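Student: I am sharing upload.txt, which consists of compact mmCIF, C-alpha atoms:
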```
# COMPACT_ATOMS: atom_id res chain seq x y z
CA MET A 1 15.28 -61.39 180.50
CA VAL A 2 19.02 -60.90 180.17
CA LEU A 3 20.59 -58.77 182.92
CA ASN A 4 23.62 -56.54 182.61
CA ASP A 5 26.51 -56.42 185.09
CA LEU A 6 24.54 -54.02 187.32
CA GLY A 7 21.48 -56.29 187.49
CA GLY A 8 19.41 -54.12 185.14
CA ALA A 9 17.83 -55.18 181.88
CA GLU A 10 20.35 -55.60 179.06
CA VAL A 11 19.42 -53.25 176.25
CA LEU A 12 22.29 -53.88 173.82
CA ARG A 13 23.79 -57.26 173.05
CA GLU A 14 25.86 -58.75 170.27
CA ALA A 15 23.73 -60.02 167.40
CA ARG A 16 23.66 -63.79 166.95
CA GLU A 17 23.01 -66.09 164.02
CA THR A 18 19.42 -66.49 165.25
CA ASP A 19 18.91 -62.71 164.83
CA VAL A 20 19.96 -62.51 161.19
CA GLU A 21 16.55 -62.93 159.54
CA THR A 22 14.88 -60.54 161.99
CA ILE A 23 17.57 -57.94 161.25
CA ARG A 24 16.87 -58.34 157.52
CA GLU A 25 13.11 -57.98 158.05
CA TRP A 26 13.49 -54.79 160.10
CA ARG A 27 16.01 -53.33 157.64
CA ASN A 28 13.68 -54.06 154.71
CA HIS A 29 10.78 -52.08 156.21
CA PRO A 30 9.77 -49.45 153.62
CA LYS A 31 10.22 -46.56 156.10
CA THR A 32 13.70 -47.78 157.02
CA ARG A 33 14.75 -48.32 153.41
CA GLY A 34 13.27 -44.95 152.46
CA ALA A 35 15.48 -43.13 154.96
CA SER A 36 18.63 -45.07 154.05
CA ILE A 37 21.45 -44.44 151.64
CA TRP A 38 21.02 -48.01 150.37
CA THR A 39 17.30 -48.33 149.52
CA ALA A 40 17.21 -51.63 147.63
CA TYR A 41 15.32 -54.58 149.06
CA ILE A 42 17.80 -56.89 150.78
CA THR A 43 17.53 -60.51 149.66
CA PRO A 44 18.29 -63.45 151.95
CA GLU A 45 21.41 -64.21 149.86
CA GLY A 46 22.68 -60.63 149.98
CA HIS A 47 22.01 -60.46 153.69
CA ALA A 48 23.90 -63.73 154.27
CA ARG A 49 26.92 -62.26 152.44
CA TRP A 50 26.71 -59.11 154.59
CA TRP A 51 26.50 -61.18 157.78
CA ALA A 52 29.55 -63.25 156.79
CA LYS A 53 31.54 -60.04 156.20
CA VAL A 54 30.42 -58.61 159.56
CA GLN A 55 31.53 -61.73 161.40
CA ALA A 56 34.94 -61.66 159.71
CA ASP A 57 35.62 -57.95 160.31
CA PRO A 58 36.83 -56.90 163.78
CA ALA A 59 36.13 -53.24 162.89
CA ARG A 60 32.37 -53.96 162.74
CA ARG A 61 29.79 -54.68 165.44
CA VAL A 62 26.12 -55.44 165.11
CA LEU A 63 24.08 -55.14 168.28
CA ILE A 64 20.47 -55.97 169.05
CA PHE A 65 18.60 -53.30 171.00
CA SER A 66 15.84 -54.26 173.44
CA TYR A 67 13.19 -51.96 174.87
CA ALA A 68 10.69 -52.97 177.56
CA GLY A 69 12.15 -56.47 177.45
CA ARG A 70 11.63 -56.96 173.69
CA ASP A 71 14.18 -56.98 170.90
CA CYS A 72 13.20 -54.12 168.62
CA GLY A 73 16.23 -52.56 166.94
CA VAL A 74 19.73 -52.81 165.58
CA VAL A 75 22.77 -50.65 166.25
CA THR A 76 25.79 -50.98 163.99
CA PHE A 77 29.33 -49.76 164.48
CA ASN A 78 31.60 -49.74 161.43
CA ASP A 79 35.16 -48.67 160.75
CA HIS A 80 36.07 -49.01 164.42
CA ASP A 81 39.61 -47.71 164.81
CA PRO A 82 40.78 -48.56 168.34
CA VAL A 83 43.93 -46.41 167.97
CA ALA A 84 42.03 -43.30 166.89
CA GLY A 85 39.14 -44.17 169.22
CA SER A 86 36.56 -43.63 166.50
CA ALA A 87 33.78 -45.44 164.68
CA GLU A 88 30.78 -44.79 162.48
CA TRP A 89 27.41 -45.83 163.82
CA GLY A 90 23.93 -46.39 162.48
CA PHE A 91 20.65 -47.84 163.65
CA PHE A 92 17.17 -48.93 162.68
CA LEU A 93 14.11 -50.08 164.58
CA ASP A 94 11.25 -52.55 164.32
CA VAL A 95 8.96 -49.79 163.06
CA ASP A 96 5.75 -51.83 162.90
CA GLY A 97 6.15 -53.57 166.26
CA LEU A 98 7.03 -50.39 168.13
CA GLN A 99 4.26 -48.36 166.49
CA GLU A 100 1.75 -51.09 167.31
CA ARG A 101 2.74 -50.91 170.99
CA GLY A 102 2.93 -47.08 171.03
CA GLU A 103 6.62 -47.27 171.92
CA LEU A 104 8.39 -45.92 168.82
CA LEU A 105 9.52 -42.56 170.22
CA PRO A 106 10.55 -43.73 173.71
CA ALA A 107 12.41 -46.72 172.23
CA TRP A 108 14.16 -44.46 169.71
CA LEU A 109 15.31 -42.14 172.51
CA GLU A 110 16.54 -45.09 174.61
CA LEU A 111 18.35 -46.60 171.63
CA GLU A 112 20.29 -43.40 171.04
CA ARG A 113 21.13 -43.01 174.75
CA SER A 114 22.22 -46.65 174.99
CA ALA A 115 24.28 -46.56 171.79
CA VAL A 116 26.17 -43.44 172.89
CA HIS A 117 26.81 -44.99 176.30
CA TYR A 118 28.04 -48.20 174.65
CA ALA A 119 30.30 -46.29 172.22
CA PHE A 120 32.05 -44.29 174.95
CA GLY A 121 31.92 -46.98 177.61
CA GLU A 122 32.19 -50.50 176.21
CA MET A 123 34.10 -49.49 173.07
CA GLY A 124 36.15 -46.72 174.70
CA LEU A 125 35.65 -44.38 171.75
CA ARG A 126 36.69 -40.75 171.79
CA SER A 127 34.33 -39.89 168.92
CA VAL A 128 31.43 -41.52 167.14
CA GLY A 129 29.68 -40.23 164.05
CA GLY A 130 27.19 -41.14 161.41
CA ARG A 131 25.55 -40.21 158.14
CA THR A 132 21.98 -38.98 157.79
CA LEU A 133 20.15 -37.84 154.68
CA ALA A 134 19.82 -34.05 155.02
CA TRP A 135 16.02 -34.13 154.56
CA ASN A 136 15.69 -36.44 157.61
CA THR A 137 15.45 -33.58 160.09
CA PRO A 138 13.85 -35.63 162.92
CA VAL A 139 16.92 -37.88 163.08
CA ILE A 140 19.32 -34.93 162.87
CA ALA A 141 17.38 -33.18 165.67
CA LEU A 142 17.53 -36.31 167.83
CA HIS A 143 21.28 -36.54 167.32
CA ARG A 144 21.64 -32.88 168.34
CA ARG A 145 19.60 -33.60 171.45
CA PHE A 146 22.24 -36.16 172.42
CA GLY A 147 25.17 -33.81 171.81
CA PHE A 148 26.04 -34.61 168.20
CA VAL A 149 27.16 -31.71 166.02
CA GLU A 150 27.25 -31.42 162.27
CA VAL A 151 30.68 -31.57 160.67
CA PRO A 152 30.34 -29.40 157.54
CA SER A 153 33.58 -30.67 156.00
CA ARG A 154 32.14 -34.20 155.93
CA ARG A 155 28.89 -33.24 154.18
CA TYR A 156 28.57 -34.74 150.71
CA THR A 157 26.09 -35.61 148.00
CA THR A 158 25.31 -39.11 146.74
CA GLU A 159 22.95 -40.53 144.16
CA ILE A 160 20.05 -42.51 145.62
CA ASP A 161 17.55 -44.06 143.23
CA GLY A 162 18.58 -41.64 140.48
CA THR A 163 18.35 -38.48 142.59
CA GLU A 164 21.22 -36.52 144.12
CA GLN A 165 20.80 -36.42 147.91
CA PRO A 166 22.82 -34.35 150.40
CA VAL A 167 24.20 -36.32 153.33
CA VAL A 168 25.01 -34.79 156.72
CA TRP A 169 27.69 -36.17 159.03
CA THR A 170 27.05 -35.67 162.75
CA GLU A 171 29.59 -36.52 165.39
CA LYS A 172 29.84 -36.65 169.15
CA THR A 173 33.11 -36.41 171.02
CA ARG A 174 33.56 -37.77 174.52
CA THR A 175 33.75 -34.88 176.96
CA THR A 176 35.39 -36.68 179.89
```
Represent the structure of the file as structure tokens.

Tutor:
Amino acid sequence: MVLNDLGGAEVLREARETDVETIREWRNHPKTRGASIWTAYITPEGHARWWAKVQADPARRVLIFSYAGRDCGVVTFNDHDPVAGSAEWGFFLDVDGLQERGELLPAWLELERSAVHYAFGEMGLRSVGGRTLAWNTPVIALHRRFGFVEVPSRRYTTEIDGTEQPVVWTEKTRTT
């Protein structure tokens, strides 16, 4: 078990080369793809290109989330602007593994708490936001629970698999 600076279990760590295939497998889960703006199956070649871009871009971070001592999710930060103190975030989980262990909801809650803490602590952000398909009300409700608010001016519509889909932007601003 990896420990953080306070001696507790590390729940977020930088993704490594050895994580790349696991990330692709989790991202390709039908439930994850179905709730995503990009729904296509991700091939090993396409994923390798994505990973190379991530590694070359200082405005992007890919973190592995662990719950109960097991890696089970991914948190991404994109478009990190250190001057503005902002970034876009996203996440996905090992749906099958967490459901099998009866840990999906508690892990999801811990992921969100940990990601917000990381954004405002480790990254020093003043605001963090993300996109969610408007029909995905459980995710929007979870974000609200953690202090995210919808930004109506950033709402838009995009075509996903031939259907127009509204997209909601939620954002949290550091309060201290």

Student: Mind pulling up the distance from atom CA of Pro166 of chain A to atom CA of Phe77 of chain A?

Tutor: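 Between atom CA of Phe77 of chain A and atom CA of Pro166 of chain A the gap is 21.9 Å.
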
Student: Suppose you want the space between atom CA of Pro106 of chain A and atom CA of Arg155 of chain A; what is it in Å?

Tutor: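 Separating atom CA of Pro106 of chain A from atom CA of Arg155 of chain A is a distance of 28.8 Å.
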
Student: If I wrap all listed atoms of segment 109-123 of chain A in a box with edges along x, y and z and add 4 Å on each side, what are its centre and edge lengths in Å to one decimal, as AutoDock Vina command-line options?

Tutor:
```
--center_x 24.7 --center_y -46.3 --center_z 174.3 --size_x 26.8 --size_y 16.4 --size_z 14.6
```

Student: Mind checking which residues fall within 10 Å of Leu109 of chain A, counting only C-alpha atoms, ignoring those fewer than 6 positions away in the same chain, and posting them as a compact mmCIF listing (two decimals) with C-alpha atoms, in the coordinates of the input?

Tutor:
```
# COMPACT_ATOMS: atom_id res chain seq x y z
CA LEU A 142 17.53 -36.31 167.83
CA HIS A 143 21.28 -36.54 167.32
CA ARG A 145 19.60 -33.60 171.45
CA PHE A 146 22.24 -36.16 172.42
```

Student: Please work out which residues fall within 10 Å of (29.2, -43.1, 159.0), coordinates as given in the file, with only C-alpha atoms counting, and return them as a PDB file with C-alpha atoms, keeping the file's coordinate frame.

Tutor:
```
ATOM      1  CA  THR A  76      25.790 -50.980 163.990  1.00  0.00           C
ATOM      2  CA  PHE A  77      29.330 -49.760 164.480  1.00  0.00           C
ATOM      3  CA  ASN A  78      31.600 -49.740 161.430  1.00  0.00           C
ATOM      4  CA  ASP A  79      35.160 -48.670 160.750  1.00  0.00           C
ATOM      5  CA  ALA A  87      33.780 -45.440 164.680  1.00  0.00           C
ATOM      6  CA  GLU A  88      30.780 -44.790 162.480  1.00  0.00           C
ATOM      7  CA  TRP A  89      27.410 -45.830 163.820  1.00  0.00           C
ATOM      8  CA  GLY A  90      23.930 -46.390 162.480  1.00  0.00           C
ATOM      9  CA  VAL A 128      31.430 -41.520 167.140  1.00  0.00           C
ATOM     10  CA  GLY A 129      29.680 -40.230 164.050  1.00  0.00           C
ATOM     11  CA  GLY A 130      27.190 -41.140 161.410  1.00  0.00           C
ATOM     12  CA  ARG A 131      25.550 -40.210 158.140  1.00  0.00           C
ATOM     13  CA  THR A 132      21.980 -38.980 157.790  1.00  0.00           C
ATOM     14  CA  ARG A 154      32.140 -34.200 155.930  1.00  0.00           C
ATOM     15  CA  VAL A 168      25.010 -34.790 156.720  1.00  0.00           C
ATOM     16  CA  TRP A 169      27.690 -36.170 159.030  1.00  0.00           C
ATOM     17  CA  THR A 170      27.050 -35.670 162.750  1.00  0.00           C
ATOM     18  CA  GLU A 171      29.590 -36.520 165.390  1.00  0.00           C
TER      19      GLU A 171
END
```

Student: To one decimal place in Å, what is the distance between atom CA of Glu103 of chain A and atom CA of Thr39 of chain A?

Tutor: 24.8 Å

Student: A:Ile160, A:Val116, A:Val83, A:Ala15: which is nearest Arg60 of chain A, counting all atoms listed in the file?

Tutor: A:Ala15

Student: Pick out the closest residue to Arg113 of chain A from this set: A:Ile23, A:Ile140, A:Leu12, A:Ile64. Count only C-alpha atoms.

Tutor: A:Leu12

Student: For Ala115 of chain A, which of A:Ala84, A:Val20, A:Ile42, A:Val11 is the closest residue, counting only C-alpha atoms?

Tutor: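 Smallest separation from Ala115 of chain A among the options: A:Val11.
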
Student: Given the choices A:Phe91, A:Val149, A:Ala141, A:Leu111, which gets closest to Ser36 of chain A if the distance is worked out from only C-alpha atoms?

Tutor: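 Looking only at the distances to Ser36 of chain A, the closest residue turns out to be A:Phe91.
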
Student: When you look at Ala107 of chain A with a cut-off of 12 Å (counting only C-alpha atoms), what residues show up, excluding the ones that are within fewer than 5 positions of it in the same chain? I need them as a short mmCIF file (atom, residue, chain, number, x, y, z; two decimals) with C-alpha atoms, keeping the file's coordinate frame.

Tutor:
```cif
data_model
loop_
_atom_site.label_atom_id
_atom_site.label_comp_id
_atom_site.auth_asym_id
_atom_site.auth_seq_id
_atom_site.Cartn_x
_atom_site.Cartn_y
_atom_site.Cartn_z
CA VAL A 11 19.42 -53.25 176.25
CA PHE A 65 18.60 -53.30 171.00
CA SER A 66 15.84 -54.26 173.44
CA TYR A 67 13.19 -51.96 174.87
CA ALA A 68 10.69 -52.97 177.56
CA GLY A 69 12.15 -56.47 177.45
CA ARG A 70 11.63 -56.96 173.69
CA ASP A 71 14.18 -56.98 170.90
CA CYS A 72 13.20 -54.12 168.62
CA GLY A 73 16.23 -52.56 166.94
CA VAL A 74 19.73 -52.81 165.58
CA PHE A 91 20.65 -47.84 163.65
CA PHE A 92 17.17 -48.93 162.68
CA LEU A 93 14.11 -50.08 164.58
CA ASP A 94 11.25 -52.55 164.32
CA VAL A 95 8.96 -49.79 163.06
CA GLY A 97 6.15 -53.57 166.26
CA LEU A 98 7.03 -50.39 168.13
CA GLN A 99 4.26 -48.36 166.49
CA ARG A 101 2.74 -50.91 170.99
CA GLY A 102 2.93 -47.08 171.03
CA GLU A 112 20.29 -43.40 171.04
CA ARG A 113 21.13 -43.01 174.75
CA SER A 114 22.22 -46.65 174.99
CA ALA A 115 24.28 -46.56 171.79
#
```

Student: Select, from A:Ser127, A:Gln55, A:Thr22, A:Gln165, the residue with the minimum atom-to-atom distance to His80 of chain A, counting only C-alpha atoms.

Tutor: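 Under the stated criterion, the closest residue is A:Ser127.
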